file structure_29.pdb (PDB, C-alpha atoms, pLDDT in the B column)
MODEL        1
ATOM      1  CA  MET A   1      18.798  15.940  -5.178  1.00 42.00           C
ATOM      2  CA  SER A   2      19.311  12.362  -6.241  1.00 52.00           C
ATOM      3  CA  GLY A   3      22.014   9.807  -5.744  1.00 69.00           C
ATOM      4  CA  ASP A   4      22.185   6.994  -3.235  1.00 88.00           C
ATOM      5  CA  LEU A   5      19.107   7.254  -1.053  1.00 94.00           C
ATOM      6  CA  THR A   6      20.550   4.770   1.431  1.00 93.00           C
ATOM      7  CA  ALA A   7      23.185   7.403   2.266  1.00 92.00           C
ATOM      8  CA  LYS A   8      20.548  10.023   3.123  1.00 94.00           C
ATOM      9  CA  THR A   9      19.518  10.667   6.687  1.00 93.00           C
ATOM     10  CA  ASN A  10      15.924  10.097   7.773  1.00 93.00           C
ATOM     11  CA  ALA A  11      15.445  13.870   7.898  1.00 95.00           C
ATOM     12  CA  GLU A  12      16.726  14.236   4.329  1.00 94.00           C
ATOM     13  CA  LEU A  13      14.355  11.504   3.138  1.00 93.00           C
ATOM     14  CA  ASP A  14      11.454  13.143   4.953  1.00 93.00           C
ATOM     15  CA  THR A  15      12.239  16.490   3.323  1.00 95.00           C
ATOM     16  CA  LEU A  16      12.520  14.915  -0.119  1.00 94.00           C
ATOM     17  CA  ILE A  17       9.186  13.140   0.335  1.00 92.00           C
ATOM     18  CA  ALA A  18       7.464  16.236   1.739  1.00 92.00           C
ATOM     19  CA  ASN A  19       8.660  18.358  -1.182  1.00 94.00           C
ATOM     20  CA  HIS A  20       7.271  15.883  -3.715  1.00 93.00           C
ATOM     21  CA  GLU A  21       3.969  15.651  -1.826  1.00 88.00           C
ATOM     22  CA  ARG A  22       3.666  19.439  -1.661  1.00 89.00           C
ATOM     23  CA  LEU A  23       4.073  19.565  -5.436  1.00 91.00           C
ATOM     24  CA  GLY A  24       1.691  16.634  -5.983  1.00 86.00           C
ATOM     25  CA  LYS A  25       4.426  14.575  -7.656  1.00 89.00           C
ATOM     26  CA  PHE A  26       3.225  11.249  -6.265  1.00 85.00           C
ATOM     27  CA  GLY A  27       4.393   9.235  -9.271  1.00 85.00           C
ATOM     28  CA  ALA A  28       7.896  10.697  -9.597  1.00 90.00           C
ATOM     29  CA  PRO A  29      10.539   7.934  -9.579  1.00 91.00           C
ATOM     30  CA  LEU A  30      12.656   9.744  -6.975  1.00 94.00           C
ATOM     31  CA  PHE A  31       9.622  10.162  -4.717  1.00 92.00           C
ATOM     32  CA  LEU A  32       8.730   6.467  -5.002  1.00 90.00           C
ATOM     33  CA  ALA A  33      12.316   5.421  -4.332  1.00 92.00           C
ATOM     34  CA  ALA A  34      12.475   7.691  -1.284  1.00 94.00           C
ATOM     35  CA  LEU A  35       9.182   6.275   0.023  1.00 91.00           C
ATOM     36  CA  ALA A  36      10.485   2.734  -0.409  1.00 91.00           C
ATOM     37  CA  GLU A  37      13.754   3.559   1.358  1.00 94.00           C
ATOM     38  CA  ARG A  38      11.939   5.188   4.262  1.00 92.00           C
ATOM     39  CA  ASP A  39       9.594   2.200   4.466  1.00 89.00           C
ATOM     40  CA  ARG A  40      12.561  -0.182   4.497  1.00 89.00           C
ATOM     41  CA  ARG A  41      13.968   1.715   7.481  1.00 92.00           C
ATOM     42  CA  LYS A  42      10.742   2.168   9.418  1.00 90.00           C
ATOM     43  CA  ALA A  43       8.601  -0.889   8.656  1.00 87.00           C
ATOM     44  CA  GLY A  44      10.241  -3.246  11.124  1.00 86.00           C
ATOM     45  CA  GLY A  45      11.158  -5.873   8.546  1.00 87.00           C
ATOM     46  CA  LEU A  46       8.021  -5.689   6.419  1.00 92.00           C
ATOM     47  CA  ASP A  47       8.928  -5.930   2.746  1.00 92.00           C
ATOM     48  CA  LEU A  48       7.041  -4.147  -0.040  1.00 93.00           C
ATOM     49  CA  ASP A  49       7.702  -6.823  -2.658  1.00 93.00           C
ATOM     50  CA  GLN A  50       6.714  -9.671  -0.337  1.00 94.00           C
ATOM     51  CA  THR A  51       3.545  -7.830   0.637  1.00 96.00           C
ATOM     52  CA  LEU A  52       2.655  -7.220  -2.999  1.00 96.00           C
ATOM     53  CA  ALA A  53       3.285 -10.887  -3.839  1.00 95.00           C
ATOM     54  CA  LEU A  54       0.969 -11.939  -0.996  1.00 97.00           C
ATOM     55  CA  ILE A  55      -1.791  -9.566  -2.082  1.00 98.00           C
ATOM     56  CA  LEU A  56      -1.579 -10.590  -5.740  1.00 97.00           C
ATOM     57  CA  ARG A  57      -1.468 -14.299  -4.896  1.00 96.00           C
ATOM     58  CA  GLU A  58      -4.622 -13.993  -2.794  1.00 97.00           C
ATOM     59  CA  ALA A  59      -6.328 -11.576  -5.213  1.00 97.00           C
ATOM     60  CA  ARG A  60      -5.771 -14.050  -8.042  1.00 96.00           C
ATOM     61  CA  GLU A  61      -8.113 -16.358  -6.105  1.00 96.00           C
ATOM     62  CA  GLY A  62     -10.516 -13.537  -5.224  1.00 95.00           C
ATOM     63  CA  ARG A  63      -9.421 -13.517  -1.583  1.00 97.00           C
ATOM     64  CA  PHE A  64      -8.566 -10.650   0.730  1.00 98.00           C
ATOM     65  CA  VAL A  65      -5.596 -10.181   3.054  1.00 97.00           C
ATOM     66  CA  THR A  66      -5.613  -9.050   6.670  1.00 96.00           C
ATOM     67  CA  TYR A  67      -3.143  -6.705   8.289  1.00 93.00           C
ATOM     68  CA  LYS A  68      -1.842  -9.649  10.320  1.00 94.00           C
ATOM     69  CA  ASP A  69      -1.330 -11.670   7.120  1.00 96.00           C
ATOM     70  CA  VAL A  70       1.046  -8.924   5.969  1.00 94.00           C
ATOM     71  CA  ALA A  71       3.084  -9.307   9.157  1.00 93.00           C
ATOM     72  CA  ASP A  72       3.078 -13.099   8.845  1.00 93.00           C
ATOM     73  CA  GLN A  73       4.213 -12.932   5.193  1.00 91.00           C
ATOM     74  CA  SER A  74       7.323 -11.032   6.239  1.00 86.00           C
ATOM     75  CA  GLY A  75       7.925 -13.338   9.186  1.00 88.00           C
ATOM     76  CA  ARG A  76       7.420 -10.507  11.659  1.00 87.00           C
ATOM     77  CA  PRO A  77       5.601 -10.971  14.960  1.00 88.00           C
ATOM     78  CA  TRP A  78       2.287  -9.101  14.899  1.00 90.00           C
ATOM     79  CA  ASN A  79       2.955  -7.381  18.217  1.00 89.00           C
ATOM     80  CA  THR A  80       6.150  -5.775  16.855  1.00 89.00           C
ATOM     81  CA  VAL A  81       4.740  -4.447  13.560  1.00 89.00           C
ATOM     82  CA  ARG A  82       1.005  -3.928  14.139  1.00 87.00           C
ATOM     83  CA  TYR A  83       1.395  -0.148  14.226  1.00 88.00           C
ATOM     84  CA  LYS A  84       3.624  -0.136  11.151  1.00 92.00           C
ATOM     85  CA  VAL A  85       1.488  -2.198   8.787  1.00 92.00           C
ATOM     86  CA  ASN A  86      -0.943   0.570   7.828  1.00 90.00           C
ATOM     87  CA  GLU A  87       1.804   2.973   6.723  1.00 92.00           C
ATOM     88  CA  HIS A  88       3.580   0.111   4.926  1.00 94.00           C
ATOM     89  CA  ILE A  89       0.380  -0.699   3.004  1.00 95.00           C
ATOM     90  CA  GLY A  90       0.047   2.999   2.131  1.00 93.00           C
ATOM     91  CA  VAL A  91       3.549   3.116   0.677  1.00 93.00           C
ATOM     92  CA  LEU A  92       2.791  -0.005  -1.338  1.00 95.00           C
ATOM     93  CA  GLY A  93      -0.405   1.586  -2.619  1.00 94.00           C
ATOM     94  CA  GLN A  94       1.393   4.728  -3.746  1.00 91.00           C
ATOM     95  CA  ARG A  95       4.128   2.714  -5.444  1.00 93.00           C
ATOM     96  CA  GLU A  96       1.777   0.387  -7.289  1.00 95.00           C
ATOM     97  CA  LEU A  97      -0.607   3.159  -8.298  1.00 93.00           C
ATOM     98  CA  ALA A  98       2.322   4.834 -10.051  1.00 89.00           C
ATOM     99  CA  ARG A  99       3.751   1.602 -11.470  1.00 90.00           C
ATOM    100  CA  HIS A 100       0.653  -0.378 -12.485  1.00 94.00           C
ATOM    101  CA  SER A 101      -2.390   1.834 -11.826  1.00 94.00           C
ATOM    102  CA  ILE A 102      -3.574  -0.521  -9.102  1.00 97.00           C
ATOM    103  CA  PHE A 103      -4.159   0.228  -5.431  1.00 97.00           C
ATOM    104  CA  PRO A 104      -3.402  -2.961  -3.483  1.00 97.00           C
ATOM    105  CA  CYS A 105      -4.463  -1.230  -0.243  1.00 95.00           C
ATOM    106  CA  ALA A 106      -8.000  -2.111  -1.324  1.00 97.00           C
ATOM    107  CA  MET A 107      -7.311  -5.798  -0.728  1.00 98.00           C
ATOM    108  CA  VAL A 108      -6.099  -5.398   2.864  1.00 97.00           C
ATOM    109  CA  VAL A 109      -8.899  -5.599   5.416  1.00 96.00           C
ATOM    110  CA  GLY A 110      -9.488  -6.284   9.071  1.00 93.00           C
ATOM    111  CA  GLU A 111     -10.155  -9.849  10.189  1.00 94.00           C
ATOM    112  CA  ALA A 112     -13.919  -9.225  10.116  1.00 95.00           C
ATOM    113  CA  GLY A 113     -13.716  -8.366   6.389  1.00 96.00           C
ATOM    114  CA  ARG A 114     -11.547 -11.292   5.329  1.00 96.00           C
ATOM    115  CA  GLU A 115     -14.344 -13.150   3.503  1.00 97.00           C
ATOM    116  CA  THR A 116     -16.191 -10.174   2.023  1.00 97.00           C
ATOM    117  CA  GLY A 117     -13.524  -7.506   1.531  1.00 97.00           C
ATOM    118  CA  THR A 118     -15.498  -5.009   3.572  1.00 96.00           C
ATOM    119  CA  LEU A 119     -13.988  -2.333   5.763  1.00 96.00           C
ATOM    120  CA  THR A 120     -15.319  -0.739   8.912  1.00 95.00           C
ATOM    121  CA  VAL A 121     -16.761   2.749   8.505  1.00 95.00           C
ATOM    122  CA  GLU A 122     -13.554   4.216   9.962  1.00 94.00           C
ATOM    123  CA  GLN A 123     -11.321   2.127   7.700  1.00 94.00           C
ATOM    124  CA  LEU A 124     -13.406   3.018   4.641  1.00 95.00           C
ATOM    125  CA  GLU A 125     -13.198   6.725   5.446  1.00 95.00           C
ATOM    126  CA  GLY A 126      -9.408   6.483   5.835  1.00 94.00           C
ATOM    127  CA  PHE A 127      -9.138   4.546   2.585  1.00 95.00           C
ATOM    128  CA  ALA A 128     -11.194   7.154   0.719  1.00 95.00           C
ATOM    129  CA  ARG A 129      -9.230  10.077   2.222  1.00 94.00           C
ATOM    130  CA  PHE A 130      -5.934   8.502   1.177  1.00 93.00           C
ATOM    131  CA  TRP A 131      -7.262   7.793  -2.330  1.00 95.00           C
ATOM    132  CA  GLN A 132      -8.540  11.369  -2.723  1.00 93.00           C
ATOM    133  CA  ARG A 133      -5.182  12.771  -1.635  1.00 88.00           C
ATOM    134  CA  LEU A 134      -3.507  10.824  -4.427  1.00 89.00           C
ATOM    135  CA  ASN A 135      -6.341  11.276  -6.958  1.00 91.00           C
ATOM    136  CA  PRO A 136      -8.040  14.609  -6.254  1.00 90.00           C
ATOM    137  CA  SER A 137      -9.980  14.643  -9.537  1.00 92.00           C
ATOM    138  CA  ASP A 138     -11.629  11.247  -8.909  1.00 94.00           C
ATOM    139  CA  THR A 139     -15.126  11.713  -7.505  1.00 92.00           C
ATOM    140  CA  ALA A 140     -15.713   8.080  -6.504  1.00 93.00           C
ATOM    141  CA  SER A 141     -16.054   7.444  -2.797  1.00 92.00           C
ATOM    142  CA  GLY A 142     -17.114   4.969  -0.166  1.00 94.00           C
ATOM    143  CA  GLU A 143     -17.983   1.381  -0.927  1.00 96.00           C
ATOM    144  CA  ALA A 144     -18.160   2.010  -4.690  1.00 97.00           C
ATOM    145  CA  LEU A 145     -14.564   3.269  -4.691  1.00 97.00           C
ATOM    146  CA  LEU A 146     -13.376   0.329  -2.603  1.00 98.00           C
ATOM    147  CA  ARG A 147     -15.089  -2.269  -4.815  1.00 98.00           C
ATOM    148  CA  ARG A 148     -13.834  -0.625  -8.000  1.00 98.00           C
ATOM    149  CA  GLU A 149     -10.249  -0.701  -6.759  1.00 98.00           C
ATOM    150  CA  GLN A 150     -10.581  -4.266  -5.458  1.00 98.00           C
ATOM    151  CA  ASP A 151     -11.872  -5.360  -8.865  1.00 98.00           C
ATOM    152  CA  LYS A 152      -8.914  -3.677 -10.569  1.00 98.00           C
ATOM    153  CA  VAL A 153      -6.405  -5.449  -8.298  1.00 98.00           C
ATOM    154  CA  ILE A 154      -8.094  -8.817  -8.828  1.00 97.00           C
ATOM    155  CA  ALA A 155      -8.125  -8.344 -12.618  1.00 97.00           C
ATOM    156  CA  PHE A 156      -4.467  -7.286 -12.593  1.00 97.00           C
ATOM    157  CA  ALA A 157      -3.484 -10.266 -10.436  1.00 97.00           C
ATOM    158  CA  ARG A 158      -5.262 -12.690 -12.750  1.00 96.00           C
ATOM    159  CA  ARG A 159      -3.394 -11.281 -15.755  1.00 95.00           C
ATOM    160  CA  GLN A 160      -0.026 -11.878 -14.050  1.00 88.00           C
ATOM    161  CA  GLU A 161       1.782 -15.180 -14.096  1.00 71.00           C
ATOM    162  CA  ALA A 162       1.874 -16.879 -10.735  1.00 61.00           C
ATOM    163  CA  PRO A 163       5.399 -16.834  -9.285  1.00 53.00           C
TER
ENDMDL
END
call {"tool": "encode", "arguments": {"input": "structure_29.pdb", "output": "structure tokens"}}
result
Amino acid sequence: MSGDLTAKTNAELDTLIANHERLGKFGAPLFLAALAERDRRKAGGLDLDQTLALILREAREGRFVTYKDVADQSGRPWNTVRYKVNEHIGVLGQRELARHSIFPCAMVVGEAGRETGTLTVEQLEGFARFWQRLNPSDTASGEALLRREQDKVIAFARRQEAP
């Protein structure tokens, strides 16, 4: 079941993604391509590569990104994409975990956490649940997990050449 993913219906993409998730094949190239295609269709103009560039640019300086920053980077009004940003960040996290073993989701915080990189209790729980779904053998959790993944993104960003 490969070929041109742009020719697939939304239902076909959803089935393809669900089958890979059921099998735990989160790093499979076809799965990642299907996720990216579905994100392109559903994210309201948010762009995975632009979002990654923003996160890495800020991480290089040890700074964090807000959900609204992601919308602004793609030139999308916050009120039209605010409910799409979280899923978009999740897709980016899955893609980059498979590609570069980094989880850029860790760098995206609410406005209150912009300076410190902290998440609310609810956000931290969601972050940890998502991480555990993708990495069931990893026992890290909570703030320690978040800081570890933030440090990995910052180190990765600093090793990359600035665009």
call {"tool": "residues_around", "arguments": {"input": "structure_29.pdb", "residues": "segment 137-143 of chain A", "least_positions_apart": "6", "cutoff": "12 Å", "atoms": "all atoms listed in the file", "output": "list of chain:residue names"}}
result
A:Ala106, A:Gly117, A:Thr118, A:Leu119, A:Thr120, A:Val121, A:Glu122, A:Gln123, A:Leu124, A:Glu125, A:Gly126, A:Phe127, A:Ala128, A:Arg129, A:Phe130, A:Trp131, A:Glu149, A:Gln150
call {"tool": "atom_distance", "arguments": {"input": "structure_29.pdb", "atom1": "atom CA of Val109 of chain A", "atom2": "atom CA of Leu97 of chain A"}}
result
18.3 Å
call {"tool": "atom_distance", "arguments": {"input": "structure_29.pdb", "atom1": "atom CA of Ala33 of chain A", "atom2": "atom CA of Asp14 of chain A"}}
result
12.1 Å
call {"tool": "resolve_selection", "arguments": {"input": "structure_29.pdb", "expression": "the PyMOL selection byres ((chain A and resi 154-156) around 9)", "output": "ChimeraX atom specification"}}
result
/A:56,58-63,100,102,107,149-153,157-160
call {"tool": "resolve_selection", "arguments": {"input": "structure_29.pdb", "expression": "the PyMOL selection byres ((chain A and resi 39) around 12)", "output": "number ranges by chain"}}
result
A: 6, 10, 13-14, 17, 32-38, 40-49, 84-92, 94-95
call {"tool": "axis_aligned_box", "arguments": {"input": "structure_29.pdb", "around": "segment 151-157 of chain A", "padding_each_side": "3 Å", "output": "JSON"}}
result
{"center_x": -7.7, "center_y": -7.0, "center_z": -10.5, "size_x": 14.4, "size_y": 12.6, "size_z": 10.3}
call {"tool": "closest_residue", "arguments": {"input": "structure_29.pdb", "among": "A:Asn79, A:Pro136, A:Glu96, A:Gly110", "to": "Ala53 of chain A", "atoms": "only C-alpha atoms"}}
result
A:Glu96
call {"tool": "atom_distance", "arguments": {"input": "structure_29.pdb", "atom1": "atom CA of Leu30 of chain A", "atom2": "atom CA of Ser101 of chain A"}}
result
17.7 Å
call {"tool": "closest_residue", "arguments": {"input": "structure_29.pdb", "among": "A:Arg147, A:Asn19, A:Gly27, A:Glu161", "to": "Pro104 of chain A", "atoms": "only C-alpha atoms"}}
result
A:Arg147
call {"tool": "residues_around", "arguments": {"input": "structure_29.pdb", "residues": "Phe26 of chain A", "least_positions_apart": "5", "cutoff": "8 Å", "atoms": "all atoms listed in the file", "output": "PDB file with C-alpha atoms, keeping the file's coordinate frame"}}
result
ATOM      1  CA  HIS A  20       7.271  15.883  -3.715  1.00 93.00           C
ATOM      2  CA  GLU A  21       3.969  15.651  -1.826  1.00 88.00           C
ATOM      3  CA  PHE A  31       9.622  10.162  -4.717  1.00 92.00           C
ATOM      4  CA  LEU A  32       8.730   6.467  -5.002  1.00 90.00           C
ATOM      5  CA  GLN A  94       1.393   4.728  -3.746  1.00 91.00           C
ATOM      6  CA  ALA A  98       2.322   4.834 -10.051  1.00 89.00           C
ATOM      7  CA  LEU A 134      -3.507  10.824  -4.427  1.00 89.00           C
TER       8      LEU A 134
END
call {"tool": "closest_residue", "arguments": {"input": "structure_29.pdb", "among": "A:Lys68, A:Glu12, A:Gly24, A:Gly113", "to": "Asn135 of chain A", "atoms": "all atoms listed in the file"}}
result
A:Gly24
